[in-house]
Number of protein chains: 2
Amino acid sequence: MNANSNPKRQAILEAAKRVFLDHGYSGASMESIAEAAPVSKPTLYHHFKCKQDLFAAVILDRCENLLSTLLNVQTAREDPAASLKTIASAYVEMLYSKESLEFYRLIIAEQRHFPDFGNVVYRASAAPIFEQLSAYLGELNAEGILHIPDVEAASQFFCGMLQGRKHFRCLMGLQPGLNQTEKEELINAMVSLFLKGYDY
Amino acid sequence: MNANSNPKRQAILEAAKRVFLDHGYSGASMESIAEAAPVSKPTLYHHFKCKQDLFAAVILDRCENLLSTLLNVQTAREDPAASLKTIASAYVEMLYSKESLEFYRLIIAEQRHFPDFGNVVYRASAAPIFEQLSAYLGELNAEGILHIPDVEAASQFFCGMLQGRKHFRCLMGLQPGLNQTEKEELINAMVSLFLKGYDY
DNA sequence: GTCTATAGATCGATAGAC
DNA sequence: GTCTATCGATCTATAGAC
């Protein structure tokens, strides 16, 4: 039996994820994780040699899940508005899902204890979409469909308009995630402004 | 002597701020705070009856400091580009200073334990600038200087372009704050795109 | 007000039986 | 592999002397 498919190990990972997301690294006790799994503490320590390793396993497990479900967004040069909306939609889903927000909070919270995980999580979530966006904007510019003198900056603004200040407010707990209508309105208004701003 | 000007109390607040910012709420021990102040634990508990109260005092102290130093940004209808840059600059300073980033991380980290503080901190930092921006954009629209059908959305995009994705990356520890050149370039490019997007 | 000393609970991690 | 039981350290908070 593969170590990753061991049911007790999976149960521990699931329980640890929940407890870490709810209470942070320091606030989560190995006792409460074992209780939630439910297994005894020695069983927990049999699968993960220490608390840090368990935390790392939870984060990396999440990243594997994200990477395995990342779809390659379909884009077409002929219809920039629709393609940009498709990319924007993927980005918004990645940012604002309830579980994403919880994980981002955890990573931000533990940035001092685990400085490397920010990069790991970012590369498994927002970065791939950002890179695809940059590539597509580069195409649009090269083909003369839009006038984008600085593709990097344009991509930043594109994502920025989707992300902050709303995403920041979600992280701070000032509002829950976005509902479907809010997402669509946000995306439509953003793409419209973007196309006007980078039009010839 | 006013309670707030008691030097030991101030020393405790300063030490507590540092320890909370470095280790989070659960990771910070009253012991280490007392040690850093430096005072004994009973003295600490004489000034703050429990850990939660001390945490709240640290956050509220920060908010008072912020509110007392908030400048009213000068704007002029005759020069939208310069005025928008001034507002943008104030917003960027508020978001990206090293201490701001640390506080935001702490608030986001403890959003489950202290759900009210997100709102408190937001109202003492980004919200006032956002509201002034909205008011100014409303003026520009009413005067026919810019065409802004949805002032709320436009303000969101304005702040969003300054904030996410860079601010998000700062929170996650992927990059430090912005240096002066980066700030200026960000603001100039943003205002330029914004004016083009909302031009008549 | 400030200290030394400590109570009582809980933490991460382990020994040893099965 | 999984359990009961427990170690030593550390935590929040307090008692009592000065």
# chains A, B, ... in the order shown; residues from 1 in each chain; ligands from 1

call {"tool": "residues_around", "arguments": {"residues": "DC3 (chain C)", "least_positions_apart": "2", "cutoff": "12 Å", "atoms": "only C-alpha atoms (C1' of nucleotides)", "output": "list in words"}}
result
Val39, Ser40, Lys41, Pro42, Thr43 and Leu44 of chain B; DG1 and DA5 of chain C; DG16, DA17 and DC18 of chain D

call {"tool": "write_last_selection", "arguments": {"atoms": "N, CA and C atoms (P, O5', C5', C4', C3', O3' and C1' of nucleotides)", "output": "short mmCIF file (atom, residue, chain, number, x, y, z; two decimals), in the first residue's frame"}}
result
data_model
loop_
_atom_site.label_atom_id
_atom_site.label_comp_id
_atom_site.auth_asym_id
_atom_site.auth_seq_id
_atom_site.Cartn_x
_atom_site.Cartn_y
_atom_site.Cartn_z
N VAL B 39 9.53 43.45 32.21
CA VAL B 39 8.87 43.51 33.52
C VAL B 39 8.59 42.09 33.97
N SER B 40 8.14 41.97 35.20
CA SER B 40 7.77 40.63 35.66
C SER B 40 6.33 40.32 35.23
N LYS B 41 5.99 39.08 35.28
CA LYS B 41 4.65 38.70 34.84
C LYS B 41 3.55 39.33 35.67
N PRO B 42 3.67 39.37 36.99
CA PRO B 42 2.60 40.03 37.75
C PRO B 42 2.41 41.49 37.35
N THR B 43 3.50 42.17 37.03
CA THR B 43 3.36 43.55 36.57
C THR B 43 2.58 43.60 35.27
N LEU B 44 2.90 42.69 34.40
CA LEU B 44 2.18 42.62 33.13
C LEU B 44 0.68 42.43 33.41
P DG C 1 -0.28 53.07 40.37
"O5'" DG C 1 0.86 52.00 40.12
"C5'" DG C 1 1.19 50.93 41.02
"C4'" DG C 1 2.70 50.70 40.93
"C3'" DG C 1 3.07 49.73 39.80
"O3'" DG C 1 4.45 49.94 39.53
"C1'" DG C 1 3.36 48.66 41.88
P DA C 5 12.76 32.91 44.25
"O5'" DA C 5 11.34 32.18 44.36
"C5'" DA C 5 10.51 32.39 45.49
"C4'" DA C 5 9.19 31.66 45.29
"C3'" DA C 5 9.33 30.28 44.61
"O3'" DA C 5 8.71 29.30 45.42
"C1'" DA C 5 7.68 31.58 43.52
P DG D 16 -2.38 33.60 49.63
"O5'" DG D 16 -0.98 34.31 49.93
"C5'" DG D 16 0.23 33.56 49.77
"C4'" DG D 16 1.42 34.48 49.92
"C3'" DG D 16 1.26 35.56 51.02
"O3'" DG D 16 2.50 35.72 51.68
"C1'" DG D 16 1.79 36.60 49.00
P DA D 17 2.67 36.74 52.99
"O5'" DA D 17 4.12 37.38 52.76
"C5'" DA D 17 5.21 36.54 52.39
"C4'" DA D 17 6.32 37.40 51.79
"C3'" DA D 17 6.70 38.61 52.66
"O3'" DA D 17 8.13 38.77 52.66
"C1'" DA D 17 6.02 39.33 50.49
P DC D 18 8.79 39.83 53.67
"O5'" DC D 18 8.88 41.21 52.88
"C5'" DC D 18 9.79 41.34 51.78
"C4'" DC D 18 9.54 42.66 51.08
"C3'" DC D 18 9.50 43.88 52.00
"O3'" DC D 18 10.71 44.62 51.88
"C1'" DC D 18 7.87 43.96 50.23
#

call {"tool": "residues_around", "arguments": {"residues": "Gln180 (chain B)", "least_positions_apart": "6", "cutoff": "12 Å", "atoms": "only C-alpha atoms (C1' of nucleotides)", "output": "list in words"}}
result
Ser89, Val92, Glu93, Tyr96, Ser97, Leu186 and Ile187 of chain B

call {"tool": "write_last_selection", "arguments": {"atoms": "C-alpha atoms", "output": "PDB file, in the first residue's frame"}}
result
ATOM      1  CA  SER B  89       0.697  57.736  -3.156  1.00  0.00           C
ATOM      2  CA  VAL B  92       0.459  52.948  -1.423  1.00  0.00           C
ATOM      3  CA  GLU B  93       2.306  54.233   1.628  1.00  0.00           C
ATOM      4  CA  TYR B  96       3.201  48.747   1.740  1.00  0.00           C
ATOM      5  CA  SER B  97       5.095  50.088   4.720  1.00  0.00           C
ATOM      6  CA  LEU B 186       3.328  51.733 -10.319  1.00  0.00           C
ATOM      7  CA  ILE B 187       1.412  54.931  -9.635  1.00  0.00           C
TER       8      ILE B 187
END

call {"tool": "residues_around", "arguments": {"residues": "Thr69 (chain B)", "least_positions_apart": "3", "cutoff": "12 Å", "atoms": "only C-alpha atoms (C1' of nucleotides)", "output": "PDB file with C-alpha atoms, in the first residue's frame"}}
result
ATOM      1  CA  ARG B  62      -1.904  50.939  16.394  1.00  0.00           C
ATOM      2  CA  CYS B  63      -5.240  52.200  15.061  1.00  0.00           C
ATOM      3  CA  GLU B  64      -5.051  55.330  17.186  1.00  0.00           C
ATOM      4  CA  ASN B  65      -1.580  56.031  15.878  1.00  0.00           C
ATOM      5  CA  LEU B  66      -2.737  55.575  12.303  1.00  0.00           C
ATOM      6  CA  ASN B  72      -6.151  64.873   4.423  1.00  0.00           C
ATOM      7  CA  VAL B  73      -4.908  64.562   0.893  1.00  0.00           C
ATOM      8  CA  ALA B  90      -1.050  57.978   0.204  1.00  0.00           C
ATOM      9  CA  MET B  94      -0.490  52.981   3.857  1.00  0.00           C
ATOM     10  CA  ALA B 124      -8.218  53.224  10.461  1.00  0.00           C
ATOM     11  CA  SER B 125      -6.009  52.645   7.422  1.00  0.00           C
ATOM     12  CA  PRO B 128     -10.418  56.763   4.797  1.00  0.00           C
TER      13      PRO B 128
END

call {"tool": "interface_residues", "arguments": {"of": "chain A", "to": "chain B", "cutoff": "9 Å", "atoms": "only C-alpha atoms", "output": "compact mmCIF listing (two decimals) with C-alpha atoms, in the first residue's frame"}}
result
# COMPACT_ATOMS: atom_id res chain seq x y z
CA ASP A 22 -9.06 27.00 12.11
CA HIS A 23 -6.38 27.73 14.69
CA GLY A 24 -3.11 28.41 12.91
CA TYR A 25 0.12 26.54 13.45
CA SER A 26 0.78 27.48 17.08
CA GLY A 27 -2.86 27.32 18.04
CA ALA A 28 -3.30 23.81 16.69
CA TYR A 104 -4.05 32.01 2.04
CA ARG A 105 -4.78 33.20 5.57
CA LEU A 106 -2.83 30.30 6.98
CA ILE A 107 0.16 30.87 4.70
CA ILE A 108 0.19 34.59 5.45
CA ALA A 109 -0.13 33.90 9.15
CA GLU A 110 2.82 31.51 9.19
CA GLN A 111 5.01 33.45 6.83
CA ARG A 112 7.55 33.97 9.60
CA HIS A 113 7.67 30.34 10.69
CA PRO A 115 8.83 31.53 4.73
CA ASP A 116 9.09 29.13 1.80
CA PHE A 117 5.48 28.08 1.61
CA GLY A 118 4.25 31.39 0.25
CA ASN A 119 6.14 30.74 -2.92
CA TYR A 122 1.60 30.83 -5.10
CA ALA A 153 2.48 45.84 -15.99
CA GLN A 156 -0.41 43.15 -12.98
CA PHE A 157 -3.25 45.60 -13.47
CA PHE A 158 -5.50 42.94 -14.92
CA CYS A 159 -5.04 40.71 -11.88
CA GLY A 160 -4.98 43.62 -9.51
CA MET A 161 -8.39 44.83 -10.55
CA LEU A 162 -9.76 41.35 -9.88
CA GLN A 163 -7.94 40.90 -6.64
CA GLY A 164 -7.39 43.93 -4.47
CA ARG A 165 -9.17 45.58 -2.71
CA LYS A 166 -11.90 42.94 -2.51
CA HIS A 167 -9.57 40.01 -1.98
CA PHE A 168 -7.78 41.91 0.75
CA ARG A 169 -11.11 42.60 2.42
CA LEU A 171 -8.70 37.96 3.82
CA MET A 172 -9.35 40.42 6.63
CA GLY A 173 -12.81 38.96 7.17
CA LEU A 174 -14.68 42.10 6.12
CA LEU A 186 -16.52 42.32 -11.51
CA ALA A 189 -16.47 45.75 -15.73
CA MET A 190 -12.79 44.91 -15.45
CA SER A 192 -14.31 46.51 -20.37
CA LEU A 193 -12.00 48.99 -18.65
CA PHE A 194 -8.97 46.95 -19.60
CA LEU A 195 -9.86 46.83 -23.29
CA LYS A 196 -10.55 50.54 -23.35
CA GLY A 197 -7.30 51.30 -21.55
CA TYR A 198 -5.17 49.22 -23.93

call {"tool": "residues_around", "arguments": {"residues": "region 49-54 of chain A", "least_positions_apart": "5", "cutoff": "8 Å", "atoms": "only C-alpha atoms (C1' of nucleotides)", "output": "PyMOL selection string"}}
result
(chain A and resi 13+16+30) or (chain C and resi 12)

call {"tool": "write_last_selection", "arguments": {"atoms": "N, CA and C atoms (P, O5', C5', C4', C3', O3' and C1' of nucleotides)", "output": "compact mmCIF listing (two decimals), in the first residue's frame"}}
result
# COMPACT_ATOMS: atom_id res chain seq x y z
N LEU A 13 -4.31 13.72 7.76
CA LEU A 13 -4.07 14.90 6.92
C LEU A 13 -5.32 15.78 6.86
N ALA A 16 -5.82 17.39 10.25
CA ALA A 16 -4.79 18.41 10.49
C ALA A 16 -5.07 19.65 9.67
N MET A 30 -1.20 19.00 18.60
CA MET A 30 -1.16 17.64 18.07
C MET A 30 -2.23 16.79 18.76
P DG C 12 1.06 20.67 20.53
O5' DG C 12 2.54 20.09 20.61
C5' DG C 12 3.64 20.97 20.50
C4' DG C 12 4.94 20.21 20.71
C3' DG C 12 5.17 19.06 19.72
O3' DG C 12 6.56 18.99 19.37
C1' DG C 12 5.05 18.18 21.91

call {"tool": "select_by_dssp", "arguments": {"residues": "chain B", "states": "helix (DSSP H, G or I)", "output": "VMD selection string"}}
result
chain B and resid 3 to 5 7 to 27 30 to 36 41 to 47 51 to 69 80 to 96 98 to 109 117 to 124 126 to 142 151 to 163 166 to 171 180 to 197

call {"tool": "interface_residues", "arguments": {"of": "chain C", "to": "chain A", "cutoff": "10 Å", "atoms": "only C-alpha atoms (C1' of nucleotides)", "output": "PyMOL selection string"}}
result
chain C and resi 10-14

call {"tool": "write_last_selection", "arguments": {"atoms": "N, CA and C atoms (P, O5', C5', C4', C3', O3' and C1' of nucleotides)", "output": "PDB file, in the first residue's frame"}}
result
ATOM      1  P    DT C  10      -6.673  21.730  30.271  1.00  0.00           P
ATOM      2  O5'  DT C  10      -5.449  21.845  29.245  1.00  0.00           O
ATOM      3  C5'  DT C  10      -4.936  23.132  28.896  1.00  0.00           C
ATOM      4  C4'  DT C  10      -3.654  22.958  28.116  1.00  0.00           C
ATOM      5  C3'  DT C  10      -3.690  21.799  27.111  1.00  0.00           C
ATOM      6  O3'  DT C  10      -3.316  22.282  25.839  1.00  0.00           O
ATOM      7  C1'  DT C  10      -1.723  21.727  28.418  1.00  0.00           C
ATOM      8  P    DC C  11      -3.398  21.406  24.515  1.00  0.00           P
ATOM      9  O5'  DC C  11      -1.895  21.415  23.986  1.00  0.00           O
ATOM     10  C5'  DC C  11      -1.219  22.664  23.861  1.00  0.00           C
ATOM     11  C4'  DC C  11       0.279  22.446  23.906  1.00  0.00           C
ATOM     12  C3'  DC C  11       0.776  21.292  23.054  1.00  0.00           C
ATOM     13  O3'  DC C  11       1.005  21.737  21.738  1.00  0.00           O
ATOM     14  C1'  DC C  11       1.854  21.303  25.210  1.00  0.00           C
ATOM     15  P    DG C  12       1.062  20.675  20.529  1.00  0.00           P
ATOM     16  O5'  DG C  12       2.543  20.089  20.614  1.00  0.00           O
ATOM     17  C5'  DG C  12       3.642  20.973  20.496  1.00  0.00           C
ATOM     18  C4'  DG C  12       4.939  20.207  20.705  1.00  0.00           C
ATOM     19  C3'  DG C  12       5.169  19.062  19.720  1.00  0.00           C
ATOM     20  O3'  DG C  12       6.557  18.986  19.370  1.00  0.00           O
ATOM     21  C1'  DG C  12       5.049  18.179  21.914  1.00  0.00           C
ATOM     22  P    DA C  13       7.003  17.892  18.268  1.00  0.00           P
ATOM     23  O5'  DA C  13       7.331  16.596  19.148  1.00  0.00           O
ATOM     24  C5'  DA C  13       8.363  16.684  20.139  1.00  0.00           C
ATOM     25  C4'  DA C  13       8.381  15.415  20.959  1.00  0.00           C
ATOM     26  C3'  DA C  13       8.485  14.105  20.155  1.00  0.00           C
ATOM     27  O3'  DA C  13       9.709  13.470  20.463  1.00  0.00           O
ATOM     28  C1'  DA C  13       6.906  13.936  21.934  1.00  0.00           C
ATOM     29  P    DT C  14      10.083  12.053  19.833  1.00  0.00           P
ATOM     30  O5'  DT C  14       9.745  11.059  21.029  1.00  0.00           O
ATOM     31  C5'  DT C  14      10.204  11.380  22.342  1.00  0.00           C
ATOM     32  C4'  DT C  14       9.847  10.256  23.307  1.00  0.00           C
ATOM     33  C3'  DT C  14      10.088   8.836  22.796  1.00  0.00           C
ATOM     34  O3'  DT C  14      10.772   8.099  23.799  1.00  0.00           O
ATOM     35  C1'  DT C  14       7.912   9.016  23.660  1.00  0.00           C
TER      36       DT C  14
END

call {"tool": "interface_residues", "arguments": {"of": "chain D", "to": "chain B", "cutoff": "9 Å", "atoms": "only C-alpha atoms (C1' of nucleotides)", "output": "list in words"}}
result
DC11, DT12, DA13 and DT14 of chain D

call {"tool": "write_last_selection", "arguments": {"atoms": "N, CA and C atoms (P, O5', C5', C4', C3', O3' and C1' of nucleotides)", "output": "short mmCIF file (atom, residue, chain, number, x, y, z; two decimals), in the first residue's frame"}}
result
data_model
loop_
_atom_site.label_atom_id
_atom_site.label_comp_id
_atom_site.auth_asym_id
_atom_site.auth_seq_id
_atom_site.Cartn_x
_atom_site.Cartn_y
_atom_site.Cartn_z
P DC D 11 6.41 29.30 26.88
"O5'" DC D 11 4.85 29.47 27.16
"C5'" DC D 11 3.91 28.81 26.32
"C4'" DC D 11 2.60 28.64 27.04
"C3'" DC D 11 2.15 29.89 27.79
"O3'" DC D 11 1.38 30.72 26.95
"C1'" DC D 11 1.80 27.89 29.09
P DT D 12 1.14 32.26 27.40
"O5'" DT D 12 -0.07 32.15 28.43
"C5'" DT D 12 -1.33 31.65 28.00
"C4'" DT D 12 -2.28 31.55 29.17
"C3'" DT D 12 -2.62 32.90 29.83
"O3'" DT D 12 -4.02 32.94 30.12
"C1'" DT D 12 -1.73 31.43 31.46
P DA D 13 -4.69 34.35 30.62
"O5'" DA D 13 -4.51 34.27 32.20
"C5'" DA D 13 -5.07 33.15 32.90
"C4'" DA D 13 -4.58 33.14 34.34
"C3'" DA D 13 -4.69 34.47 35.10
"O3'" DA D 13 -5.68 34.33 36.11
"C1'" DA D 13 -2.64 33.34 35.55
P DT D 14 -5.96 35.52 37.18
"O5'" DT D 14 -5.10 35.04 38.43
"C5'" DT D 14 -5.17 33.67 38.83
"C4'" DT D 14 -4.33 33.43 40.07
"C3'" DT D 14 -4.44 34.50 41.16
"O3'" DT D 14 -4.58 33.85 42.42
"C1'" DT D 14 -2.18 34.12 40.67
#

call {"tool": "residues_around", "arguments": {"residues": "DA17 (chain C)", "least_positions_apart": "5", "cutoff": "12 Å", "atoms": "only C-alpha atoms (C1' of nucleotides)", "output": "ChimeraX atom specification"}}
result
/D:2-5

call {"tool": "write_last_selection", "arguments": {"atoms": "N, CA and C atoms (P, O5', C5', C4', C3', O3' and C1' of nucleotides)", "output": "PDB file, in the first residue's frame"}}
result
ATOM      1  P    DT D   2      -2.519   2.216  12.015  1.00  0.00           P
ATOM      2  O5'  DT D   2      -2.913   2.230  13.555  1.00  0.00           O
ATOM      3  C5'  DT D   2      -3.729   1.173  14.062  1.00  0.00           C
ATOM      4  C4'  DT D   2      -3.651   1.124  15.572  1.00  0.00           C
ATOM      5  C3'  DT D   2      -3.814   2.470  16.272  1.00  0.00           C
ATOM      6  O3'  DT D   2      -5.125   2.597  16.810  1.00  0.00           O
ATOM      7  C1'  DT D   2      -2.164   1.072  17.315  1.00  0.00           C
ATOM      8  P    DC D   3      -5.492   3.873  17.705  1.00  0.00           P
ATOM      9  O5'  DC D   3      -5.089   3.440  19.195  1.00  0.00           O
ATOM     10  C5'  DC D   3      -5.917   2.513  19.899  1.00  0.00           C
ATOM     11  C4'  DC D   3      -5.175   1.950  21.116  1.00  0.00           C
ATOM     12  C3'  DC D   3      -4.995   2.934  22.267  1.00  0.00           C
ATOM     13  O3'  DC D   3      -6.111   2.862  23.137  1.00  0.00           O
ATOM     14  C1'  DC D   3      -2.982   1.670  21.851  1.00  0.00           C
ATOM     15  P    DT D   4      -6.386   4.050  24.171  1.00  0.00           P
ATOM     16  O5'  DT D   4      -5.482   3.657  25.428  1.00  0.00           O
ATOM     17  C5'  DT D   4      -5.624   2.391  26.088  1.00  0.00           C
ATOM     18  C4'  DT D   4      -4.643   2.292  27.266  1.00  0.00           C
ATOM     19  C3'  DT D   4      -4.764   3.407  28.307  1.00  0.00           C
ATOM     20  O3'  DT D   4      -4.478   2.894  29.602  1.00  0.00           O
ATOM     21  C1'  DT D   4      -2.617   3.495  27.346  1.00  0.00           C
ATOM     22  P    DA D   5      -4.647   3.838  30.902  1.00  0.00           P
ATOM     23  O5'  DA D   5      -3.170   4.354  31.169  1.00  0.00           O
ATOM     24  C5'  DA D   5      -2.075   3.440  31.179  1.00  0.00           C
ATOM     25  C4'  DA D   5      -0.769   4.218  31.309  1.00  0.00           C
ATOM     26  C3'  DA D   5      -0.851   5.443  32.236  1.00  0.00           C
ATOM     27  O3'  DA D   5       0.149   5.342  33.231  1.00  0.00           O
ATOM     28  C1'  DA D   5       0.113   6.036  30.147  1.00  0.00           C
TER      29       DA D   5
END

call {"tool": "decode", "arguments": {"residues": "region 105-124 of chain A", "atoms": "C-alpha atoms", "output": "CSV table (one decimal), in the first residue's frame"}}
result
chain,number,residue,atom,x,y,z
A,105,ARG,CA,-4.8,33.2,5.6
A,106,LEU,CA,-2.8,30.3,7.0
A,107,ILE,CA,0.2,30.9,4.7
A,108,ILE,CA,0.2,34.6,5.4
A,109,ALA,CA,-0.1,33.9,9.2
A,110,GLU,CA,2.8,31.5,9.2
A,111,GLN,CA,5.0,33.5,6.8
A,112,ARG,CA,7.5,34.0,9.6
A,113,HIS,CA,7.7,30.3,10.7
A,114,PHE,CA,7.5,28.9,7.2
A,115,PRO,CA,8.8,31.5,4.7
A,116,ASP,CA,9.1,29.1,1.8
A,117,PHE,CA,5.5,28.1,1.6
A,118,GLY,CA,4.2,31.4,0.2
A,119,ASN,CA,6.1,30.7,-2.9
A,120,VAL,CA,5.1,27.1,-3.1
A,121,VAL,CA,1.4,27.9,-2.7
A,122,TYR,CA,1.6,30.8,-5.1
A,123,ARG,CA,3.2,28.7,-7.8
A,124,ALA,CA,0.5,26.2,-7.5
